[in-house]
Every structure is written in C-alpha cells, then in structure tokens.
$ cat input.cif   # mmCIF, N, CA and C atoms
data_upload
#
loop_
_atom_site.label_atom_id
_atom_site.label_comp_id
_atom_site.auth_asym_id
_atom_site.auth_seq_id
_atom_site.Cartn_x
_atom_site.Cartn_y
_atom_site.Cartn_z
N MET A 241 108.36 116.94 104.88
CA MET A 241 108.54 115.64 104.25
C MET A 241 107.29 115.31 103.45
N SER A 242 107.48 114.74 102.30
CA SER A 242 106.39 114.34 101.42
C SER A 242 106.05 112.86 101.67
N PHE A 243 104.77 112.52 101.54
CA PHE A 243 104.32 111.15 101.76
C PHE A 243 103.54 110.64 100.56
N HIS A 244 103.64 109.32 100.34
CA HIS A 244 102.88 108.63 99.31
C HIS A 244 102.00 107.57 99.97
N LEU A 245 101.00 107.13 99.24
CA LEU A 245 100.08 106.11 99.73
C LEU A 245 100.52 104.73 99.23
N ALA A 246 100.80 103.84 100.17
CA ALA A 246 101.09 102.44 99.83
C ALA A 246 99.81 101.64 99.99
N GLU A 247 99.65 100.62 99.16
CA GLU A 247 98.47 99.76 99.31
C GLU A 247 98.83 98.34 98.96
N LEU A 248 98.26 97.43 99.73
CA LEU A 248 98.36 96.00 99.48
C LEU A 248 96.95 95.47 99.33
N ASN A 249 96.74 94.64 98.32
CA ASN A 249 95.49 93.89 98.27
C ASN A 249 95.83 92.45 97.94
N ILE A 250 95.05 91.55 98.51
CA ILE A 250 95.25 90.13 98.29
C ILE A 250 93.93 89.51 97.85
N ALA A 251 94.01 88.39 97.18
CA ALA A 251 92.82 87.65 96.76
C ALA A 251 93.21 86.19 96.58
N THR A 252 92.24 85.32 96.78
CA THR A 252 92.47 83.89 96.61
C THR A 252 91.79 83.44 95.32
N LEU A 253 92.60 82.96 94.41
CA LEU A 253 92.09 82.47 93.13
C LEU A 253 91.23 81.23 93.34
N LEU A 254 90.24 81.04 92.48
CA LEU A 254 89.42 79.83 92.52
C LEU A 254 90.22 78.61 92.10
N ALA A 255 91.20 78.82 91.24
CA ALA A 255 92.06 77.75 90.73
C ALA A 255 93.49 78.29 90.68
N PRO A 256 94.49 77.42 90.60
CA PRO A 256 95.87 77.90 90.49
C PRO A 256 96.04 78.88 89.32
N LEU A 257 96.98 79.77 89.45
CA LEU A 257 97.20 80.82 88.46
C LEU A 257 97.37 80.26 87.05
N ASP A 258 98.03 79.10 86.93
CA ASP A 258 98.27 78.53 85.60
C ASP A 258 97.13 77.65 85.09
N HIS A 259 96.03 77.59 85.82
CA HIS A 259 94.87 76.79 85.39
C HIS A 259 94.19 77.48 84.22
N HIS A 260 93.64 76.68 83.31
CA HIS A 260 93.00 77.25 82.10
C HIS A 260 91.84 78.19 82.43
N ASP A 261 91.20 78.03 83.59
CA ASP A 261 90.11 78.95 83.98
C ASP A 261 90.61 80.38 84.21
N ASN A 262 91.92 80.52 84.43
CA ASN A 262 92.50 81.84 84.67
C ASN A 262 93.20 82.41 83.43
N ALA A 263 93.05 81.76 82.30
CA ALA A 263 93.78 82.17 81.10
C ALA A 263 93.51 83.62 80.73
N GLU A 264 92.27 84.05 80.75
CA GLU A 264 91.98 85.44 80.39
C GLU A 264 92.57 86.40 81.42
N PHE A 265 92.41 86.08 82.70
CA PHE A 265 92.97 86.91 83.75
C PHE A 265 94.48 87.07 83.57
N VAL A 266 95.18 85.97 83.38
CA VAL A 266 96.63 86.00 83.20
C VAL A 266 97.01 86.76 81.93
N SER A 267 96.22 86.59 80.89
CA SER A 267 96.56 87.23 79.61
C SER A 267 96.48 88.74 79.67
N VAL A 268 95.73 89.30 80.60
CA VAL A 268 95.60 90.76 80.67
C VAL A 268 96.42 91.38 81.81
N LEU A 269 97.07 90.56 82.62
CA LEU A 269 97.81 91.09 83.76
C LEU A 269 98.79 92.20 83.38
N GLU A 270 99.63 91.93 82.42
CA GLU A 270 100.65 92.92 82.06
C GLU A 270 100.04 94.17 81.44
N ALA A 271 98.98 94.01 80.66
CA ALA A 271 98.32 95.17 80.07
C ALA A 271 97.67 96.04 81.15
N VAL A 272 97.02 95.41 82.10
CA VAL A 272 96.40 96.17 83.19
C VAL A 272 97.48 96.83 84.04
N ASN A 273 98.56 96.13 84.30
CA ASN A 273 99.67 96.74 85.05
C ASN A 273 100.26 97.93 84.29
N ALA A 274 100.32 97.82 82.97
CA ALA A 274 100.83 98.93 82.16
C ALA A 274 99.90 100.15 82.26
N ILE A 275 98.60 99.91 82.34
CA ILE A 275 97.65 101.01 82.55
C ILE A 275 97.96 101.69 83.87
N GLY A 276 98.18 100.88 84.91
CA GLY A 276 98.52 101.45 86.21
C GLY A 276 99.79 102.26 86.16
N GLU A 277 100.82 101.71 85.55
CA GLU A 277 102.11 102.40 85.48
C GLU A 277 102.03 103.69 84.68
N ALA A 278 101.11 103.77 83.73
CA ALA A 278 100.94 104.98 82.93
C ALA A 278 99.98 105.99 83.57
N SER A 279 99.36 105.59 84.68
CA SER A 279 98.38 106.46 85.33
C SER A 279 99.05 107.62 86.05
N VAL A 280 98.38 108.75 86.03
CA VAL A 280 98.84 109.91 86.78
C VAL A 280 98.88 109.52 88.26
N GLY A 281 99.98 109.79 88.90
CA GLY A 281 100.10 109.52 90.33
C GLY A 281 100.69 108.18 90.69
N PHE A 282 100.92 107.31 89.69
CA PHE A 282 101.54 106.02 89.96
C PHE A 282 103.00 106.25 90.33
N VAL A 283 103.49 105.52 91.34
CA VAL A 283 104.88 105.64 91.78
C VAL A 283 105.64 104.33 91.58
N TRP A 284 105.08 103.22 92.05
CA TRP A 284 105.83 101.95 92.06
C TRP A 284 104.85 100.80 92.22
N ARG A 285 105.26 99.61 91.71
CA ARG A 285 104.52 98.38 91.97
C ARG A 285 105.49 97.22 92.15
N LEU A 286 105.09 96.28 92.96
CA LEU A 286 105.85 95.06 93.18
C LEU A 286 105.81 94.21 91.92
N LYS A 287 106.96 93.63 91.57
CA LYS A 287 107.07 92.70 90.46
C LYS A 287 107.82 91.46 90.95
N ASP A 288 107.66 90.37 90.25
CA ASP A 288 108.44 89.19 90.61
C ASP A 288 109.88 89.37 90.12
N ASP A 289 110.74 88.41 90.41
CA ASP A 289 112.15 88.53 90.04
C ASP A 289 112.38 88.65 88.54
N GLY A 290 111.42 88.18 87.74
CA GLY A 290 111.53 88.29 86.29
C GLY A 290 110.88 89.53 85.72
N GLY A 291 110.38 90.42 86.61
CA GLY A 291 109.75 91.65 86.15
C GLY A 291 108.27 91.51 85.82
N ARG A 292 107.72 90.34 86.11
CA ARG A 292 106.29 90.12 85.84
C ARG A 292 105.44 90.64 86.99
N SER A 293 104.15 90.50 86.84
CA SER A 293 103.17 90.92 87.83
C SER A 293 103.47 90.36 89.21
N ALA A 294 103.08 91.11 90.23
CA ALA A 294 103.21 90.63 91.61
C ALA A 294 102.38 89.39 91.85
N SER A 295 101.42 89.11 90.97
CA SER A 295 100.60 87.90 91.12
C SER A 295 101.46 86.64 91.14
N TYR A 296 102.67 86.74 90.64
CA TYR A 296 103.58 85.60 90.62
C TYR A 296 104.47 85.55 91.87
N VAL A 297 104.36 86.53 92.75
CA VAL A 297 105.14 86.55 93.98
C VAL A 297 104.43 85.68 95.01
N LEU A 298 105.11 84.66 95.50
CA LEU A 298 104.52 83.77 96.49
C LEU A 298 104.70 84.39 97.88
N ALA A 299 103.61 84.95 98.41
CA ALA A 299 103.68 85.64 99.70
C ALA A 299 102.99 84.85 100.81
N TYR A 300 102.21 83.87 100.44
CA TYR A 300 101.47 83.03 101.40
C TYR A 300 101.76 81.58 101.09
N ASP A 301 101.48 80.69 102.04
CA ASP A 301 101.69 79.26 101.82
C ASP A 301 100.80 78.72 100.71
N ASP A 302 99.62 79.30 100.57
CA ASP A 302 98.69 78.87 99.53
C ASP A 302 99.03 79.61 98.24
N PRO A 303 99.50 78.92 97.20
CA PRO A 303 99.89 79.60 95.97
C PRO A 303 98.71 80.25 95.23
N ARG A 304 97.49 79.95 95.65
CA ARG A 304 96.33 80.59 95.02
C ARG A 304 96.10 82.01 95.57
N VAL A 305 96.76 82.34 96.68
CA VAL A 305 96.64 83.69 97.25
C VAL A 305 97.64 84.58 96.53
N ILE A 306 97.11 85.56 95.80
CA ILE A 306 97.98 86.46 95.06
C ILE A 306 97.95 87.85 95.71
N VAL A 307 99.03 88.57 95.53
CA VAL A 307 99.18 89.89 96.13
C VAL A 307 99.38 90.95 95.06
N ASN A 308 99.03 92.14 95.42
CA ASN A 308 99.32 93.32 94.61
C ASN A 308 99.76 94.40 95.59
N LEU A 309 100.92 94.95 95.39
CA LEU A 309 101.48 95.96 96.28
C LEU A 309 101.94 97.13 95.42
N THR A 310 101.36 98.31 95.68
CA THR A 310 101.68 99.49 94.86
C THR A 310 101.85 100.72 95.73
N VAL A 311 102.41 101.76 95.14
CA VAL A 311 102.57 103.06 95.79
C VAL A 311 102.04 104.12 94.84
N TRP A 312 101.31 105.07 95.39
CA TRP A 312 100.65 106.14 94.63
C TRP A 312 100.90 107.48 95.29
N GLU A 313 100.89 108.53 94.50
CA GLU A 313 101.08 109.88 95.05
C GLU A 313 99.91 110.28 95.94
N THR A 314 98.71 109.89 95.55
CA THR A 314 97.51 110.30 96.29
C THR A 314 96.48 109.17 96.27
N PRO A 315 95.55 109.20 97.23
CA PRO A 315 94.44 108.24 97.17
C PRO A 315 93.59 108.42 95.91
N GLU A 316 93.46 109.65 95.46
CA GLU A 316 92.67 109.92 94.27
C GLU A 316 93.26 109.26 93.03
N SER A 317 94.59 109.25 92.93
CA SER A 317 95.22 108.61 91.77
C SER A 317 94.99 107.10 91.80
N LEU A 318 95.06 106.48 92.96
CA LEU A 318 94.76 105.05 93.07
C LEU A 318 93.29 104.81 92.77
N ARG A 319 92.42 105.62 93.31
CA ARG A 319 90.98 105.47 93.08
C ARG A 319 90.67 105.57 91.58
N HIS A 320 91.29 106.50 90.90
CA HIS A 320 91.06 106.65 89.46
C HIS A 320 91.47 105.38 88.72
N PHE A 321 92.64 104.84 89.05
CA PHE A 321 93.09 103.60 88.40
C PHE A 321 92.12 102.46 88.66
N VAL A 322 91.72 102.28 89.91
CA VAL A 322 90.88 101.13 90.27
C VAL A 322 89.51 101.21 89.61
N TYR A 323 88.88 102.38 89.66
CA TYR A 323 87.48 102.49 89.27
C TYR A 323 87.21 103.17 87.93
N ARG A 324 88.19 103.89 87.36
CA ARG A 324 87.89 104.68 86.17
C ARG A 324 88.84 104.43 85.01
N SER A 325 89.67 103.44 85.10
CA SER A 325 90.60 103.12 84.00
C SER A 325 90.21 101.78 83.40
N GLY A 326 91.03 101.28 82.50
CA GLY A 326 90.81 99.96 81.91
C GLY A 326 90.82 98.84 82.94
N HIS A 327 91.37 99.10 84.12
CA HIS A 327 91.38 98.13 85.21
C HIS A 327 89.96 97.82 85.68
N SER A 328 89.09 98.80 85.65
CA SER A 328 87.75 98.65 86.25
C SER A 328 86.92 97.55 85.59
N ALA A 329 87.08 97.36 84.30
CA ALA A 329 86.31 96.31 83.62
C ALA A 329 86.65 94.93 84.18
N TYR A 330 87.91 94.72 84.49
CA TYR A 330 88.33 93.43 85.07
C TYR A 330 88.03 93.37 86.56
N PHE A 331 88.11 94.49 87.23
CA PHE A 331 87.79 94.55 88.66
C PHE A 331 86.33 94.13 88.88
N ARG A 332 85.45 94.58 88.01
CA ARG A 332 84.03 94.22 88.13
C ARG A 332 83.80 92.72 87.91
N ARG A 333 84.71 92.06 87.25
CA ARG A 333 84.58 90.63 86.95
C ARG A 333 85.34 89.74 87.93
N ARG A 334 85.81 90.30 89.03
CA ARG A 334 86.67 89.55 89.95
C ARG A 334 86.06 88.25 90.46
N THR A 335 84.73 88.15 90.54
CA THR A 335 84.10 86.92 91.04
C THR A 335 84.30 85.75 90.08
N GLU A 336 84.69 86.03 88.85
CA GLU A 336 84.98 84.94 87.89
C GLU A 336 86.28 84.22 88.23
N TRP A 337 87.17 84.89 88.94
CA TRP A 337 88.51 84.33 89.20
C TRP A 337 88.83 84.14 90.68
N PHE A 338 88.14 84.87 91.55
CA PHE A 338 88.53 84.87 92.96
C PHE A 338 87.43 84.38 93.88
N GLU A 339 87.85 83.71 94.95
CA GLU A 339 86.92 83.27 95.98
C GLU A 339 86.34 84.49 96.70
N PRO A 340 85.06 84.42 97.06
CA PRO A 340 84.51 85.50 97.89
C PRO A 340 85.17 85.45 99.27
N SER A 341 85.27 86.58 99.91
CA SER A 341 85.90 86.64 101.23
C SER A 341 85.15 87.62 102.12
N ASN A 342 84.99 87.24 103.36
CA ASN A 342 84.40 88.14 104.36
C ASN A 342 85.47 88.89 105.12
N GLU A 343 86.73 88.60 104.83
CA GLU A 343 87.84 89.27 105.49
C GLU A 343 88.23 90.54 104.74
N ILE A 344 88.82 91.45 105.46
CA ILE A 344 89.41 92.63 104.82
C ILE A 344 90.56 92.13 103.95
N ASN A 345 90.61 92.58 102.70
CA ASN A 345 91.64 92.08 101.79
C ASN A 345 92.53 93.20 101.24
N MET A 346 92.40 94.40 101.81
CA MET A 346 93.20 95.52 101.34
C MET A 346 93.56 96.40 102.52
N VAL A 347 94.77 96.93 102.47
CA VAL A 347 95.22 97.87 103.50
C VAL A 347 96.01 98.98 102.82
N CYS A 348 95.85 100.18 103.34
CA CYS A 348 96.61 101.34 102.87
C CYS A 348 97.36 101.95 104.05
N TRP A 349 98.46 102.64 103.76
CA TRP A 349 99.20 103.37 104.78
C TRP A 349 100.09 104.39 104.08
N TRP A 350 100.45 105.41 104.83
CA TRP A 350 101.33 106.46 104.31
C TRP A 350 102.78 106.09 104.53
N ILE A 351 103.61 106.35 103.52
CA ILE A 351 105.05 106.11 103.63
C ILE A 351 105.78 107.36 103.15
N PRO A 352 106.96 107.63 103.69
CA PRO A 352 107.75 108.75 103.17
C PRO A 352 108.03 108.54 101.68
N ALA A 353 107.90 109.59 100.90
CA ALA A 353 108.18 109.50 99.47
C ALA A 353 109.57 108.93 99.27
N GLY A 354 109.71 108.03 98.32
CA GLY A 354 110.98 107.38 98.04
C GLY A 354 111.15 106.06 98.76
N THR A 355 110.25 105.73 99.67
CA THR A 355 110.30 104.47 100.40
C THR A 355 109.64 103.38 99.56
N ILE A 356 110.23 102.19 99.58
CA ILE A 356 109.66 101.04 98.90
C ILE A 356 109.16 100.07 99.98
N PRO A 357 107.87 99.79 100.01
CA PRO A 357 107.35 98.89 101.05
C PRO A 357 107.74 97.44 100.76
N THR A 358 107.78 96.65 101.81
CA THR A 358 108.06 95.22 101.66
C THR A 358 106.76 94.44 101.80
N VAL A 359 106.73 93.27 101.19
CA VAL A 359 105.56 92.40 101.29
C VAL A 359 105.33 92.02 102.75
N GLU A 360 106.40 91.72 103.46
CA GLU A 360 106.26 91.30 104.86
C GLU A 360 105.62 92.40 105.70
N ASP A 361 106.08 93.63 105.53
CA ASP A 361 105.51 94.75 106.28
C ASP A 361 104.05 94.96 105.88
N ALA A 362 103.76 94.87 104.60
CA ALA A 362 102.39 95.07 104.12
C ALA A 362 101.44 94.02 104.70
N ILE A 363 101.86 92.76 104.73
CA ILE A 363 101.02 91.70 105.28
C ILE A 363 100.83 91.92 106.78
N ASP A 364 101.87 92.35 107.47
CA ASP A 364 101.76 92.67 108.89
C ASP A 364 100.72 93.77 109.11
N ARG A 365 100.73 94.77 108.26
CA ARG A 365 99.76 95.87 108.36
C ARG A 365 98.33 95.38 108.08
N LEU A 366 98.19 94.50 107.09
CA LEU A 366 96.87 93.93 106.80
C LEU A 366 96.36 93.14 108.00
N ASN A 367 97.21 92.31 108.58
CA ASN A 367 96.82 91.52 109.76
C ASN A 367 96.46 92.43 110.93
N HIS A 368 97.20 93.52 111.10
CA HIS A 368 96.91 94.47 112.17
C HIS A 368 95.55 95.13 111.94
N LEU A 369 95.28 95.53 110.71
CA LEU A 369 93.99 96.14 110.38
C LEU A 369 92.86 95.15 110.65
N ARG A 370 93.03 93.91 110.26
CA ARG A 370 92.00 92.90 110.50
C ARG A 370 91.74 92.70 112.00
N ALA A 371 92.80 92.74 112.79
CA ALA A 371 92.67 92.47 114.22
C ALA A 371 92.19 93.68 115.02
N TYR A 372 92.65 94.88 114.66
CA TYR A 372 92.43 96.05 115.51
C TYR A 372 91.69 97.20 114.85
N GLY A 373 91.43 97.12 113.57
CA GLY A 373 90.75 98.20 112.89
C GLY A 373 91.72 99.26 112.40
N SER A 374 91.16 100.30 111.81
CA SER A 374 91.96 101.36 111.20
C SER A 374 92.82 102.10 112.21
N SER A 375 94.03 102.39 111.78
CA SER A 375 94.97 103.16 112.59
C SER A 375 96.02 103.73 111.62
N GLU A 376 96.99 104.44 112.15
CA GLU A 376 98.07 104.93 111.30
C GLU A 376 98.86 103.79 110.67
N LYS A 377 98.84 102.63 111.32
CA LYS A 377 99.56 101.46 110.79
C LYS A 377 98.92 100.94 109.52
N GLY A 378 97.61 101.08 109.41
CA GLY A 378 96.89 100.62 108.23
C GLY A 378 95.43 100.99 108.29
N PHE A 379 94.89 101.35 107.15
CA PHE A 379 93.50 101.79 107.10
C PHE A 379 92.87 101.33 105.80
N LEU A 380 91.57 101.44 105.76
CA LEU A 380 90.83 101.02 104.58
C LEU A 380 90.89 102.08 103.48
N PHE A 381 90.81 101.64 102.26
CA PHE A 381 90.79 102.54 101.11
C PHE A 381 89.53 103.39 101.12
N THR A 382 88.48 102.89 101.74
CA THR A 382 87.22 103.61 101.82
C THR A 382 87.22 104.64 102.94
N ASP A 383 88.25 104.64 103.76
CA ASP A 383 88.32 105.55 104.91
C ASP A 383 89.79 105.98 105.10
N VAL A 384 90.33 106.66 104.12
CA VAL A 384 91.75 107.05 104.12
C VAL A 384 92.02 108.04 105.24
N MET A 385 93.04 107.74 106.02
CA MET A 385 93.48 108.68 107.07
C MET A 385 94.23 109.84 106.45
N ASP A 386 94.26 110.94 107.17
CA ASP A 386 94.97 112.13 106.68
C ASP A 386 96.44 111.83 106.48
N ARG A 387 97.00 112.45 105.47
CA ARG A 387 98.42 112.34 105.18
C ARG A 387 99.19 112.96 106.35
N PRO A 388 100.26 112.32 106.81
CA PRO A 388 101.07 112.92 107.88
C PRO A 388 101.62 114.29 107.44
N SER A 389 101.83 115.15 108.40
CA SER A 389 102.37 116.47 108.06
C SER A 389 103.83 116.57 108.42
#

$ encode --input "input.cif" --output "structure tokens"
Amino acid sequence: MSFHLAELNIATLLAPLDHHDNAEFVSVLEAVNAIGEASVGFVWRLKDDGGRSASYVLAYDDPRVIVNLTVWETPESLRHFVYRSGHSAYFRRRTEWFEPSNEINMVCWWIPAGTIPTVEDAIDRLNHLRAYGSSEKGFLFTDVMDRPS
C-alpha cells in the first residue's frame, strides 16, 4: 500500500480575514495556493465550498483562526513548497498577519494514498500531538515519522 503525507496547520490572524490589514495576505492566497498545486508532489488541498482557499473554512469558533489542510506525496515535496517556492516569501512575513503562538500549530500524519483527510480528524490529531507528543497519530514536520510499510 502506498502512503501520502497529510498536514494541517492553523494560525490566528491579528485581525479578521476581511480587515484591511490583511488585504495583501488575502490578495495572494490564490496565487500561493496555485504555486502549491503546481508543485511536484502536491496531491490535494482543502478548499471552501466556493473553491477558495481553506482560509475561508470556519473550523474553530474564533473566525480569526484559519486552517490549511493539504496532502503531499512526500515530506520533501511539502518542505520544498514551504521553504523554497514563492510561498516562502510570505511565510517569512507571517508575523505581519498572525498572532505569535507558543502552541504547536502544525501536525503531520501518514494516510493511505487516495484518502482525503477531514478537518475534524486533523484537528483531533493536532490536539493529540499537543497533549501527548509525537506518535503515529500525529507528528511534527521537523521530526517526520517513517512512512508505514
């Protein structure tokens, strides 16, 4: 059986998504997502019901908390997108739009190829990682567990 890497990351905006302080962030969302979708190893990403960025998916009670949920063939393909593509310029500027956090805000896990993760399952995995540390249920991007065999 083949496996892909699923990942969820969350962040809390300094202001609501439609606030003028987020205008540049919002204006590049679709372009950055297009870079991801065109990246080698990209499999799938969560979109809202209108096909827009997952940033518009309300997953928490606080509408300033935005989510990103994606699936990649390998950790290396995700790493390349995050740190070596057009995404990286905006990633480095995240403090302009997001509150600092001392909590873990990203979780990864292996899924059978062809599986589409749910937001609910992803959030459960993030909460489990925060409470119990890395396991097969969820691990850090900086410490990827071996792909199941």

$ residues_around --input "input.cif" --residues "Ile363 of chain A" --least-positions-apart "6" --cutoff "12 Å" --atoms "only C-alpha atoms" --output "list of chain:residue names"
A:Glu247, A:Leu248, A:Asn249, A:Ile250, A:Ala299, A:Tyr300, A:Ile306, A:Val307, A:Asn308, A:Leu309, A:Ile344, A:Asn345, A:Met346, A:Val347, A:Cys348, A:Trp349, A:Pro357, A:Leu369, A:Arg370, A:Lys377, A:Gly378

$ residues_around --input "input.cif" --residues "Pro303 of chain A" --least-positions-apart "3" --cutoff "8 Å" --atoms "only N, CA and C atoms" --output "number ranges by chain"
A: 252-253, 255-257, 297-300, 306

$ resolve_selection --input "input.cif" --expression "the PyMOL selection byres (((chain A and resi 326 and name CA) around 12) and name CA)" --output "VMD selection string"
chain A and resid 268 to 269 271 to 276 278 to 279 320 to 325 327 to 332

$ write_last_selection --input "input.cif" --atoms "N, CA and C atoms" --output "compact mmCIF listing (two decimals), in the frame of the given file"
# COMPACT_ATOMS: atom_id res chain seq x y z
N VAL A 268 95.73 89.30 80.60
CA VAL A 268 95.60 90.76 80.67
C VAL A 268 96.42 91.38 81.81
N LEU A 269 97.07 90.56 82.62
CA LEU A 269 97.81 91.09 83.76
C LEU A 269 98.79 92.20 83.38
N ALA A 271 98.98 94.01 80.66
CA ALA A 271 98.32 95.17 80.07
C ALA A 271 97.67 96.04 81.15
N VAL A 272 97.02 95.41 82.10
CA VAL A 272 96.40 96.17 83.19
C VAL A 272 97.48 96.83 84.04
N ASN A 273 98.56 96.13 84.30
CA ASN A 273 99.67 96.74 85.05
C ASN A 273 100.26 97.93 84.29
N ALA A 274 100.32 97.82 82.97
CA ALA A 274 100.83 98.93 82.16
C ALA A 274 99.90 100.15 82.26
N ILE A 275 98.60 99.91 82.34
CA ILE A 275 97.65 101.01 82.55
C ILE A 275 97.96 101.69 83.87
N GLY A 276 98.18 100.88 84.91
CA GLY A 276 98.52 101.45 86.21
C GLY A 276 99.79 102.26 86.16
N ALA A 278 101.11 103.77 83.73
CA ALA A 278 100.94 104.98 82.93
C ALA A 278 99.98 105.99 83.57
N SER A 279 99.36 105.59 84.68
CA SER A 279 98.38 106.46 85.33
C SER A 279 99.05 107.62 86.05
N HIS A 320 91.29 106.50 90.90
CA HIS A 320 91.06 106.65 89.46
C HIS A 320 91.47 105.38 88.72
N PHE A 321 92.64 104.84 89.05
CA PHE A 321 93.09 103.60 88.40
C PHE A 321 92.12 102.46 88.66
N VAL A 322 91.72 102.28 89.91
CA VAL A 322 90.88 101.13 90.27
C VAL A 322 89.51 101.21 89.61
N TYR A 323 88.88 102.38 89.66
CA TYR A 323 87.48 102.49 89.27
C TYR A 323 87.21 103.17 87.93
N ARG A 324 88.19 103.89 87.36
CA ARG A 324 87.89 104.68 86.17
C ARG A 324 88.84 104.43 85.01
N SER A 325 89.67 103.44 85.10
CA SER A 325 90.60 103.12 84.00
C SER A 325 90.21 101.78 83.40
N HIS A 327 91.37 99.10 84.12
CA HIS A 327 91.38 98.13 85.21
C HIS A 327 89.96 97.82 85.68
N SER A 328 89.09 98.80 85.65
CA SER A 328 87.75 98.65 86.25
C SER A 328 86.92 97.55 85.59
N ALA A 329 87.08 97.36 84.30
CA ALA A 329 86.31 96.31 83.62
C ALA A 329 86.65 94.93 84.18
N TYR A 330 87.91 94.72 84.49
CA TYR A 330 88.33 93.43 85.07
C TYR A 330 88.03 93.37 86.56
N PHE A 331 88.11 94.49 87.23
CA PHE A 331 87.79 94.55 88.66
C PHE A 331 86.33 94.13 88.88
N ARG A 332 85.45 94.58 88.01
CA ARG A 332 84.03 94.22 88.13
C ARG A 332 83.80 92.72 87.91

$ closest_residue --input "input.cif" --among "A:Gly354, A:Pro388, A:Gly373, A:Pro340" --to "Val283 of chain A" --atoms "only C-alpha atoms"
A:Gly354

$ closest_residue --input "input.cif" --among "A:Thr310, A:Leu245, A:Glu270, A:Gly281" --to "Phe379 of chain A" --atoms "only C-alpha atoms"
A:Leu245

$ atom_distance --input "input.cif" --atom1 "atom C of Glu343 of chain A" --atom2 "atom N of Glu360 of chain A"
18.3 Å

$ atom_distance --input "input.cif" --atom1 "atom C of Asn342 of chain A" --atom2 "atom C of Arg319 of chain A"
22.1 Å

$ atom_distance --input "input.cif" --atom1 "atom CA of Thr314 of chain A" --atom2 "atom CA of Gly290 of chain A"
27.9 Å

$ select_by_dssp --input "input.cif" --residues "segment 289-365 of chain A" --states "alpha helix (DSSP H)" --output "PDB file with N, CA and C atoms, keeping the file's coordinate frame"
ATOM      1  N   PRO A 315      95.550 109.200  97.230  1.00  0.00           N
ATOM      2  CA  PRO A 315      94.440 108.240  97.170  1.00  0.00           C
ATOM      3  C   PRO A 315      93.590 108.420  95.910  1.00  0.00           C
ATOM      4  N   GLU A 316      93.460 109.650  95.460  1.00  0.00           N
ATOM      5  CA  GLU A 316      92.670 109.920  94.270  1.00  0.00           C
ATOM      6  C   GLU A 316      93.260 109.260  93.030  1.00  0.00           C
ATOM      7  N   SER A 317      94.590 109.250  92.930  1.00  0.00           N
ATOM      8  CA  SER A 317      95.220 108.610  91.770  1.00  0.00           C
ATOM      9  C   SER A 317      94.990 107.100  91.800  1.00  0.00           C
ATOM     10  N   LEU A 318      95.060 106.480  92.960  1.00  0.00           N
ATOM     11  CA  LEU A 318      94.760 105.050  93.070  1.00  0.00           C
ATOM     12  C   LEU A 318      93.290 104.810  92.770  1.00  0.00           C
ATOM     13  N   ARG A 319      92.420 105.620  93.310  1.00  0.00           N
ATOM     14  CA  ARG A 319      90.980 105.470  93.080  1.00  0.00           C
ATOM     15  C   ARG A 319      90.670 105.570  91.580  1.00  0.00           C
ATOM     16  N   HIS A 320      91.290 106.500  90.900  1.00  0.00           N
ATOM     17  CA  HIS A 320      91.060 106.650  89.460  1.00  0.00           C
ATOM     18  C   HIS A 320      91.470 105.380  88.720  1.00  0.00           C
ATOM     19  N   PHE A 321      92.640 104.840  89.050  1.00  0.00           N
ATOM     20  CA  PHE A 321      93.090 103.600  88.400  1.00  0.00           C
ATOM     21  C   PHE A 321      92.120 102.460  88.660  1.00  0.00           C
ATOM     22  N   VAL A 322      91.720 102.280  89.910  1.00  0.00           N
ATOM     23  CA  VAL A 322      90.880 101.130  90.270  1.00  0.00           C
ATOM     24  C   VAL A 322      89.510 101.210  89.610  1.00  0.00           C
ATOM     25  N   TYR A 323      88.880 102.380  89.660  1.00  0.00           N
ATOM     26  CA  TYR A 323      87.480 102.490  89.270  1.00  0.00           C
ATOM     27  C   TYR A 323      87.210 103.170  87.930  1.00  0.00           C
ATOM     28  N   ARG A 324      88.190 103.890  87.360  1.00  0.00           N
ATOM     29  CA  ARG A 324      87.890 104.680  86.170  1.00  0.00           C
ATOM     30  C   ARG A 324      88.840 104.430  85.010  1.00  0.00           C
ATOM     31  N   HIS A 327      91.370  99.100  84.120  1.00  0.00           N
ATOM     32  CA  HIS A 327      91.380  98.130  85.210  1.00  0.00           C
ATOM     33  C   HIS A 327      89.960  97.820  85.680  1.00  0.00           C
ATOM     34  N   SER A 328      89.090  98.800  85.650  1.00  0.00           N
ATOM     35  CA  SER A 328      87.750  98.650  86.250  1.00  0.00           C
ATOM     36  C   SER A 328      86.920  97.550  85.590  1.00  0.00           C
ATOM     37  N   ALA A 329      87.080  97.360  84.300  1.00  0.00           N
ATOM     38  CA  ALA A 329      86.310  96.310  83.620  1.00  0.00           C
ATOM     39  C   ALA A 329      86.650  94.930  84.180  1.00  0.00           C
ATOM     40  N   TYR A 330      87.910  94.720  84.490  1.00  0.00           N
ATOM     41  CA  TYR A 330      88.330  93.430  85.070  1.00  0.00           C
ATOM     42  C   TYR A 330      88.030  93.370  86.560  1.00  0.00           C
ATOM     43  N   PHE A 331      88.110  94.490  87.230  1.00  0.00           N
ATOM     44  CA  PHE A 331      87.790  94.550  88.660  1.00  0.00           C
ATOM     45  C   PHE A 331      86.330  94.130  88.880  1.00  0.00           C
ATOM     46  N   VAL A 359     106.730  93.270 101.190  1.00  0.00           N
ATOM     47  CA  VAL A 359     105.560  92.400 101.290  1.00  0.00           C
ATOM     48  C   VAL A 359     105.330  92.020 102.750  1.00  0.00           C
ATOM     49  N   GLU A 360     106.400  91.720 103.460  1.00  0.00           N
ATOM     50  CA  GLU A 360     106.260  91.300 104.860  1.00  0.00           C
ATOM     51  C   GLU A 360     105.620  92.400 105.700  1.00  0.00           C
ATOM     52  N   ASP A 361     106.080  93.630 105.530  1.00  0.00           N
ATOM     53  CA  ASP A 361     105.510  94.750 106.280  1.00  0.00           C
ATOM     54  C   ASP A 361     104.050  94.960 105.880  1.00  0.00           C
ATOM     55  N   ALA A 362     103.760  94.870 104.600  1.00  0.00           N
ATOM     56  CA  ALA A 362     102.390  95.070 104.120  1.00  0.00           C
ATOM     57  C   ALA A 362     101.440  94.020 104.700  1.00  0.00           C
ATOM     58  N   ILE A 363     101.860  92.760 104.730  1.00  0.00           N
ATOM     59  CA  ILE A 363     101.020  91.700 105.280  1.00  0.00           C
ATOM     60  C   ILE A 363     100.830  91.920 106.780  1.00  0.00           C
ATOM     61  N   ASP A 364     101.870  92.350 107.470  1.00  0.00           N
ATOM     62  CA  ASP A 364     101.760  92.670 108.890  1.00  0.00           C
ATOM     63  C   ASP A 364     100.720  93.770 109.110  1.00  0.00           C
ATOM     64  N   ARG A 365     100.730  94.770 108.260  1.00  0.00           N
ATOM     65  CA  ARG A 365      99.760  95.870 108.360  1.00  0.00           C
ATOM     66  C   ARG A 365      98.330  95.380 108.080  1.00  0.00           C
TER      67      ARG A 365
END

$ axis_aligned_box --input "input.cif" --around "segment 290-301 of chain A" --padding-each-side "8 Å" --output "lines of an AutoDock Vina configuration file"
center_x = 106.1
center_y = 85.2
center_z = 93.9
size_x = 26.9
size_y = 28.9
size_z = 32.3
